[in-house]
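Data block below; observations after.
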Amino acid sequence: MDTTQLLKGVLDAAVLATVADADGYGYDVVRRLRGSGLAEVADASVYGTLRRLYTSGALTSYVVPSDEGPHRKYYGINDQGRTMLETQRKEWHTFAATVGDLLDGAAGRTTDHGILDKNGAAR
Amino acid sequence: MSTLPATLITTRDLVAEYARTVRAALDDLPADTLDDLTDGLEADLLDALADTEAGPVDAAQSLEDVTTQFGPARVYADELRAAAGLAPRAEAQGASARGGLRTAWRQLRTSATSQLHRLQGSATWGPTLSFFVALRPVWWVLRAWVIVSALTGFQGLFPDGLPPDFLMLGAIVVSVQWGRGRWRPRGLRWAPPVAGVLAVLLLQPAVASLVYPSEAVASSAQPAQWDAPGLSGVYVDGREAANLYVYDAQGDPVPEAQVFDDQGSPVMVVTPDGDDDERPQVEIGDDEQAWELDPASATGGRLLWNVYPLHGAPLVWDDTQGLVRSRQQVPPLPFDRAPNTVAGPVDQAAPSNSSEPTVDGHAAD
């Protein structure tokens, strides 16, 4: 299964959750997402998502100058972002449960058929 | 330790170049959106390189390596744009001439950039181009210097005086920041490229004036002594004489004396230029009155500049016309009569028994 396609749907929630955990700059958020197991997350997608969440008012942003290199733009979550995260969390759980039930049920039916076929063939 | 910073700067330059290409692919966006979207991009790219197994220095030896790491800049930009929820780039939308031009320019730039990247990846060109890429900061400083020296018209390496100094330093800082992709003026995005083209055009004259400063001076002011064979002038006691006055042996002024040197060349106190209507201006007397000097006319009509005293006309101020010539006249004589009369030449062989001194530097007043 193409997990990058799945990721697209939940990237907002994942990014919001990561920033809710602690403020972070672009690559820092990428690193933490990968550390959480989302290894295939693309840098640019995360940066774009951060910007979009910021524009929609879910995140705050501030620039931190760096002594040894280019400055960093940090993002932090605000109340609107927390509300959004809470909504998305609920939606995800509902969705995951539904898809989980659906897939588990389908898996059971596939197995039953297999058994029936097997049994039929065995007979 | 000395090689480490140099290598880091190279990686940083490569990252900056990659970031520049990403920004170029997004340059259809409003400036503030573009800034918002790509602010801190260099830091993020450097961090991502640092996280690779090879580390930042080995991971990015060339732009090709950076592209391998992050994918083509164009794809990266598209991803950034899509994730930010922005509409895809509208290609060739411009029905207007301006839109068409912009699209053509963008395509030209994109193809040039990709050509450059391909060259940088090749074995022969890679090091050569990297060399020039490394030289880019020199150009950032140079373009500021060229433009400021052209604007202020100073000559030499650095201007004199505090305001031009600050202007020069300020221009260099701005130029370097532009080069690093910072401080780009919003709404004036044409300014950095225009400054670049201007600097290229002005580079040659600016450097020429630095190497041959006298040439530029000679074209505007009077010719310098060493390269002007036609130079004339009579110096007395270190001061340039404005006119000559000839007195005869009895001490009476000679009205129109022609003066030549030992080679028969006319002795001239001024250097007339080729234009017969152009009159040299001098200052005469203790009040430094300005005069225009006029030549005498030979019987054939030629102008003679060695007939003394030269006639002339004082220049007077007129409230409506500025400086104007008044009536032609002989400039005031230093003496109505010479302070001495002449007894005769001194013969070195015969003892001089003259009781009167024949040469006296002072006027008997």
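Identifiers for the structure tokens are assigned positionally: chains receive A, B, ... in sequence, residues are indexed from 1 per chain, and ligands are indexed from 1 in the order shown.
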
Give as number ranges by chain every residue of chain B that touches chain A within 9 Å, counting only C-alpha atoms. B: 12, 36-48, 51, 70, 76-86

Non-local contacts of Ala20 of chain A (10 Å; only C-alpha atoms; under 2 positions in same chain excluded) as JSON, numbers by chain: {"A": [14, 15, 16, 17, 18, 22, 23, 24, 59, 75, 76, 77, 78, 81, 82, 85]}

Nearest residue to Trp317 of chain B out of B:Gln289, B:Pro334, B:Ile147, B:Arg180, using only C-alpha atoms? B:Gln289

What's around Glu292 of chain B at 9 Å? Count only C-alpha atoms, leave out sequence neighbours fewer than 4 positions away in its own chain, and write the answer as a short mmCIF file (atom, residue, chain, number, x, y, z; two decimals) with all heavy atoms, in the first residue's frame.
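Writing the result to around17.cif gives the following:
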data_model
loop_
_atom_site.label_atom_id
_atom_site.label_comp_id
_atom_site.auth_asym_id
_atom_site.auth_seq_id
_atom_site.Cartn_x
_atom_site.Cartn_y
_atom_site.Cartn_z
N ARG B 279 38.81 81.51 -25.33
CA ARG B 279 39.82 82.41 -24.77
C ARG B 279 40.27 81.91 -23.39
O ARG B 279 39.42 81.57 -22.56
CB ARG B 279 39.23 83.82 -24.61
CG ARG B 279 38.94 84.50 -25.93
CD ARG B 279 40.24 84.94 -26.60
NE ARG B 279 39.97 85.68 -27.82
CZ ARG B 279 40.00 85.10 -29.03
NH1 ARG B 279 40.27 83.82 -29.16
NH2 ARG B 279 39.78 85.84 -30.11
N PRO B 280 41.57 81.84 -23.19
CA PRO B 280 42.03 81.43 -21.86
C PRO B 280 41.67 82.48 -20.81
O PRO B 280 41.65 83.67 -21.12
CB PRO B 280 43.54 81.31 -22.03
CG PRO B 280 43.88 82.13 -23.22
CD PRO B 280 42.68 82.14 -24.12
N GLN B 281 41.37 82.00 -19.60
CA GLN B 281 41.05 82.93 -18.52
C GLN B 281 42.16 82.90 -17.49
O GLN B 281 42.67 81.84 -17.14
CB GLN B 281 39.73 82.54 -17.86
CG GLN B 281 38.53 82.79 -18.77
CD GLN B 281 37.22 82.49 -18.08
OE1 GLN B 281 37.19 82.27 -16.87
NE2 GLN B 281 36.15 82.50 -18.85
N VAL B 282 42.53 84.08 -17.02
CA VAL B 282 43.58 84.17 -15.99
C VAL B 282 43.12 85.14 -14.92
O VAL B 282 42.15 85.87 -15.11
CB VAL B 282 44.91 84.69 -16.59
CG1 VAL B 282 45.47 83.68 -17.60
CG2 VAL B 282 44.73 86.04 -17.24
N GLU B 283 43.83 85.12 -13.80
CA GLU B 283 43.55 86.10 -12.76
C GLU B 283 44.73 87.03 -12.67
O GLU B 283 45.87 86.57 -12.59
CB GLU B 283 43.32 85.39 -11.42
CG GLU B 283 41.98 84.69 -11.38
CD GLU B 283 41.79 83.84 -10.15
OE1 GLU B 283 42.75 83.68 -9.38
OE2 GLU B 283 40.67 83.33 -9.98
N HIS B 311 46.50 91.54 -24.86
CA HIS B 311 45.31 92.31 -24.51
C HIS B 311 44.27 91.37 -23.93
O HIS B 311 44.41 90.15 -23.99
CB HIS B 311 44.75 93.02 -25.75
CG HIS B 311 45.57 94.19 -26.17
ND1 HIS B 311 46.94 94.13 -26.32
CD2 HIS B 311 45.22 95.46 -26.48
CE1 HIS B 311 47.41 95.30 -26.69
NE2 HIS B 311 46.38 96.15 -26.81
N GLY B 312 43.26 91.95 -23.38
CA GLY B 312 42.22 91.09 -22.83
C GLY B 312 41.05 91.92 -22.36
O GLY B 312 40.99 93.12 -22.60
N ALA B 313 40.12 91.25 -21.72
CA ALA B 313 38.94 91.95 -21.21
C ALA B 313 38.60 91.40 -19.84
O ALA B 313 38.58 90.18 -19.65
CB ALA B 313 37.76 91.75 -22.15
N PRO B 314 38.39 92.29 -18.87
CA PRO B 314 38.00 91.80 -17.55
C PRO B 314 36.60 91.15 -17.62
O PRO B 314 35.77 91.57 -18.41
CB PRO B 314 37.96 93.05 -16.67
CG PRO B 314 38.33 94.19 -17.53
CD PRO B 314 38.41 93.74 -18.96
N LEU B 315 36.41 90.13 -16.82
CA LEU B 315 35.09 89.49 -16.74
C LEU B 315 34.36 90.09 -15.55
O LEU B 315 34.88 90.10 -14.44
CB LEU B 315 35.25 87.98 -16.57
CG LEU B 315 35.90 87.28 -17.76
CD1 LEU B 315 36.16 85.82 -17.43
CD2 LEU B 315 35.02 87.39 -19.01
N ARG B 325 32.06 89.50 -20.58
CA ARG B 325 33.26 90.25 -20.99
C ARG B 325 32.94 91.73 -21.00
O ARG B 325 31.93 92.15 -21.54
CB ARG B 325 33.61 89.86 -22.41
CG ARG B 325 34.75 88.89 -22.58
CD ARG B 325 34.93 88.62 -24.05
NE ARG B 325 35.77 89.63 -24.69
CZ ARG B 325 37.06 89.45 -24.91
NH1 ARG B 325 37.65 88.31 -24.58
NH2 ARG B 325 37.77 90.38 -25.48
#

re atom CA of Gly264 of chain B and atom CA of Gln328 of chain B: distance 28.9 Å

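When only C-alpha atoms are used to measure the gap to Trp190 of chain B, the shortest distance among B:Phe260, B:Trp140, B:Trp178, B:Phe166 belongs to B:Trp178.
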